[in-house]
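Here's the structure, in structure tokens; my notes come after.
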Amino acid sequence: MTTPLVSIVVPTLNGAAALSRVLPAIKRQRVTFAFEIVAVDSGSTDGTVALLHRFADSLVSIAPEDFDHGLTRNLGVERARGELVVLMVQDAEPASDRWLAALTAPLLRDPCVAGSFARQVPKADASPLTRHYLSMWAAASDSPRASAISDAAEFERLDPMRRFARCAFDNVCACIRRSVWSRRPFRATPIAEDLAWAKDVLLEGHRLVFAPDAEVIHSHDRSASYELARTYVLHRRLYELFELRTIPSLNCLARAIAASLRLHVRYERSGRSLALAFAWPLGQYLGGRAAVRGWKTARVKGV
């Protein structure tokens, strides 16, 4: 059996609807190398496993309560046989049959590149508000770029926001070099395993590349309650990684909510939009505050 150059690792949970599009799109990729699909399923009950038996070359099953953003991906990489490992979420749909070639090209071209990540474009039915916020993320740009850090002293001289920007990386769809991962596997974490890994490998002297020609269709219109919980966990982690606290005080929180309300009314007049105008700033404030005070991390179900 031919050893693949590239392994595509997909964590799954009840994702049959999206995977029925994603898996065939992966199989249609036009590349000059062999690749495989490795799935790590967390107890799906909706037909996902049947789809994976059709399309995946390897399937690992774990209990839902054992899922961890870092450790579960490590499990998939351990099962993978390729030197390059693509990590993606179950609803990130390749936008063309050249996606995989574009995503892996930076690592094939330059041995100093430890990872690349793809551009994300919103789904056709994404709300105006979702489109706006996605457009602000590093993975939505149409301009290629590379990140590097000369040493730890340079990183420490950066302000928290610049540290975060330098380490921008997104496992919604990314490719990593297995030989680098073997020395720097993902950490156990409730969220942001990609940002933590990016920080680690950049401080080791590797480079990271954003590859906008590799596009995936990916966006979410989630509830305010979910976004509050997710934002809380994320911003707690951003402080731990970069000392970044975007909303550090109650006065800042009040101003942020007021600004969000104006923005959300302009983009989308709905109850969900107004609830999100409170949820996102509140999650940022509470997450940063929890990190500063050293409160015990609580696992938030579904995030």
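FYI, nothing fancy with the structure tokens labels: chains A, B, ... in order, residues from 1 per chain, ligands from 1 as they appear.
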
Exercise. Compile the contact shell of Ile37 in chain A as a PyMOL selection string: residues with an atom at most 12 Å away, counting only C-alpha atoms, same-chain residues fewer than 3 positions apart removed.
Key: chain A and resi 4-11+22-27+34+40+52-60+76-77+79-82+85-88+90

Exercise. For Lys199 in chain A, work out the shell of residues within 10 Å, counting only C-alpha atoms and skipping chain neighbours fewer than 5 positions away, then give it as a ChimeraX atom specification.
Key: /A:148-149,155,163-164,166-169,194,204,206,241-242

Write the residues you've just listed into a file as a PDB file, in the first residue's frame, and include N, CA and C atoms for each of them.
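And here is the file that came out, result_7.pdb:
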```pdb
ATOM      1  N   ALA A 148       7.030  34.893  11.565  1.00  0.00           N
ATOM      2  CA  ALA A 148       8.236  34.345  12.183  1.00  0.00           C
ATOM      3  C   ALA A 148       8.563  35.179  13.413  1.00  0.00           C
ATOM      4  N   ILE A 149       9.288  34.596  14.338  1.00  0.00           N
ATOM      5  CA  ILE A 149       9.762  35.297  15.531  1.00  0.00           C
ATOM      6  C   ILE A 149      11.244  34.984  15.667  1.00  0.00           C
ATOM      7  N   PHE A 155       9.551  38.411  21.020  1.00  0.00           N
ATOM      8  CA  PHE A 155       8.150  38.140  21.337  1.00  0.00           C
ATOM      9  C   PHE A 155       7.720  38.914  22.578  1.00  0.00           C
ATOM     10  N   ARG A 163       1.334  40.118  19.724  1.00  0.00           N
ATOM     11  CA  ARG A 163       1.689  38.712  19.961  1.00  0.00           C
ATOM     12  C   ARG A 163       0.614  37.797  19.377  1.00  0.00           C
ATOM     13  N   PHE A 164      -0.628  38.131  19.655  1.00  0.00           N
ATOM     14  CA  PHE A 164      -1.751  37.349  19.136  1.00  0.00           C
ATOM     15  C   PHE A 164      -1.752  37.348  17.609  1.00  0.00           C
ATOM     16  N   ARG A 166       0.724  37.866  15.554  1.00  0.00           N
ATOM     17  CA  ARG A 166       1.871  37.141  15.015  1.00  0.00           C
ATOM     18  C   ARG A 166       1.625  35.629  15.021  1.00  0.00           C
ATOM     19  N   CYS A 167       0.860  35.167  16.012  1.00  0.00           N
ATOM     20  CA  CYS A 167       0.613  33.726  16.166  1.00  0.00           C
ATOM     21  C   CYS A 167      -0.697  33.270  15.542  1.00  0.00           C
ATOM     22  N   ALA A 168      -1.332  34.113  14.738  1.00  0.00           N
ATOM     23  CA  ALA A 168      -2.595  33.733  14.105  1.00  0.00           C
ATOM     24  C   ALA A 168      -2.420  32.441  13.305  1.00  0.00           C
ATOM     25  N   PHE A 169      -3.256  31.470  13.603  1.00  0.00           N
ATOM     26  CA  PHE A 169      -3.229  30.165  12.958  1.00  0.00           C
ATOM     27  C   PHE A 169      -4.582  29.537  13.233  1.00  0.00           C
ATOM     28  N   ASP A 194      -4.659  25.597  18.316  1.00  0.00           N
ATOM     29  CA  ASP A 194      -3.910  26.068  17.155  1.00  0.00           C
ATOM     30  C   ASP A 194      -3.040  27.271  17.495  1.00  0.00           C
ATOM     31  N   GLU A 204      10.341  28.385  18.446  1.00  0.00           N
ATOM     32  CA  GLU A 204      11.410  27.443  18.108  1.00  0.00           C
ATOM     33  C   GLU A 204      12.156  27.847  16.844  1.00  0.00           C
ATOM     34  N   HIS A 206      10.577  28.281  13.686  1.00  0.00           N
ATOM     35  CA  HIS A 206       9.902  27.899  12.449  1.00  0.00           C
ATOM     36  C   HIS A 206       9.075  29.067  11.902  1.00  0.00           C
ATOM     37  N   LEU A 241      -2.129  32.877  27.009  1.00  0.00           N
ATOM     38  CA  LEU A 241      -1.119  32.727  25.963  1.00  0.00           C
ATOM     39  C   LEU A 241      -0.374  34.020  25.659  1.00  0.00           C
ATOM     40  N   PHE A 242      -1.098  35.139  25.636  1.00  0.00           N
ATOM     41  CA  PHE A 242      -0.520  36.382  25.128  1.00  0.00           C
ATOM     42  C   PHE A 242      -0.649  37.570  26.084  1.00  0.00           C
TER      43      PHE A 242
END
```

Which polymer residues have any atom within 12 Å of an atom of Phe186 in chain A, counting only C-alpha atoms, with same-chain residues fewer than 2 positions away left out, as a PDB file with C-alpha atoms, in the first residue's frame?
```pdb
ATOM      1  CA  ASP A  68     -10.098  17.597  23.928  1.00  0.00           C
ATOM      2  CA  HIS A  69      -9.187  20.140  21.260  1.00  0.00           C
ATOM      3  CA  GLY A  70      -5.481  19.395  21.531  1.00  0.00           C
ATOM      4  CA  LEU A  71      -5.292  15.758  22.624  1.00  0.00           C
ATOM      5  CA  THR A  72      -7.931  14.504  20.165  1.00  0.00           C
ATOM      6  CA  ARG A  73      -6.036  16.062  17.278  1.00  0.00           C
ATOM      7  CA  ASN A  74      -2.844  14.459  18.591  1.00  0.00           C
ATOM      8  CA  LEU A  75      -4.632  11.129  18.452  1.00  0.00           C
ATOM      9  CA  GLY A  76      -5.487  11.703  14.806  1.00  0.00           C
ATOM     10  CA  VAL A  77      -1.937  12.761  13.926  1.00  0.00           C
ATOM     11  CA  GLU A  78      -0.571   9.668  15.682  1.00  0.00           C
ATOM     12  CA  LEU A  87      -6.231  19.346  10.221  1.00  0.00           C
ATOM     13  CA  ASN A 171      -7.179  24.572  12.624  1.00  0.00           C
ATOM     14  CA  ILE A 176       1.310  20.987   9.782  1.00  0.00           C
ATOM     15  CA  ARG A 178       4.605  15.974  11.275  1.00  0.00           C
ATOM     16  CA  VAL A 180       7.691  19.458  13.928  1.00  0.00           C
ATOM     17  CA  TRP A 181       4.558  18.141  15.641  1.00  0.00           C
ATOM     18  CA  SER A 182       6.505  15.130  16.954  1.00  0.00           C
ATOM     19  CA  ARG A 183       8.591  17.553  19.028  1.00  0.00           C
ATOM     20  CA  ARG A 184       5.744  19.978  19.699  1.00  0.00           C
ATOM     21  CA  ALA A 188      -4.403  19.642  26.264  1.00  0.00           C
ATOM     22  CA  THR A 189      -6.713  22.647  26.136  1.00  0.00           C
ATOM     23  CA  PRO A 190     -10.410  23.596  26.140  1.00  0.00           C
ATOM     24  CA  ILE A 191      -9.873  25.803  23.072  1.00  0.00           C
ATOM     25  CA  ALA A 192      -7.237  27.515  20.882  1.00  0.00           C
ATOM     26  CA  GLU A 193      -4.910  24.529  20.490  1.00  0.00           C
ATOM     27  CA  ASP A 194      -3.910  26.068  17.155  1.00  0.00           C
ATOM     28  CA  LEU A 195      -2.800  29.387  18.639  1.00  0.00           C
ATOM     29  CA  ALA A 196      -0.838  27.670  21.415  1.00  0.00           C
ATOM     30  CA  TRP A 197       0.921  25.435  18.876  1.00  0.00           C
ATOM     31  CA  ALA A 198       1.687  28.409  16.652  1.00  0.00           C
ATOM     32  CA  LYS A 199       3.308  30.229  19.555  1.00  0.00           C
ATOM     33  CA  ASP A 200       5.403  27.174  20.448  1.00  0.00           C
ATOM     34  CA  VAL A 201       6.722  26.515  16.930  1.00  0.00           C
TER      35      VAL A 201
END
```

Self-check item: Shell around Asp97 in chain A at 8 Å using only C-alpha atoms, local window under 3 positions removed, as a PyMOL selection string
Solution: chain A and resi 25-26+28-30+94+100

Quiz prompt | DSSP-assigned helix (DSSP H, G or I) among range 216-279 of chain A, expressed as a ChimeraX atom specification | solution = /A:224-242,250-267,271-279

Practice problem: Apply DSSP to the structure's backbone, then extract all residues of range 88-274 of chain A labelled strand (DSSP E) and return them as number ranges by chain. | Solution: A: 88, 93-94, 113-121, 145-147, 173-177, 207-217

Self-check item: Within 6 Å of range 112-123 of chain A using only C-alpha atoms, minus same-chain residues under 5 positions, as a list in words
Solution: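 Result of the neighbour search: Leu107, Ala139, Ala140, Cys173, Ala174, Cys175, Ile176, Arg177, His206, Arg207, Leu208, Val209, Phe210, Ala211, Pro212, Ala214, Glu215, Val216, Ile217, His218 and Ser219 of chain A.
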
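With CA of Leu282 in chain A on one side and CA of Asp66 in chain A on the other, the separation reads 28.8 Å.
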
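Nearest to Ser141 in chain A of all the residues A:Thr2, A:Gly47, A:Asp213, A:Gly294 is A:Asp213, counting only C-alpha atoms.
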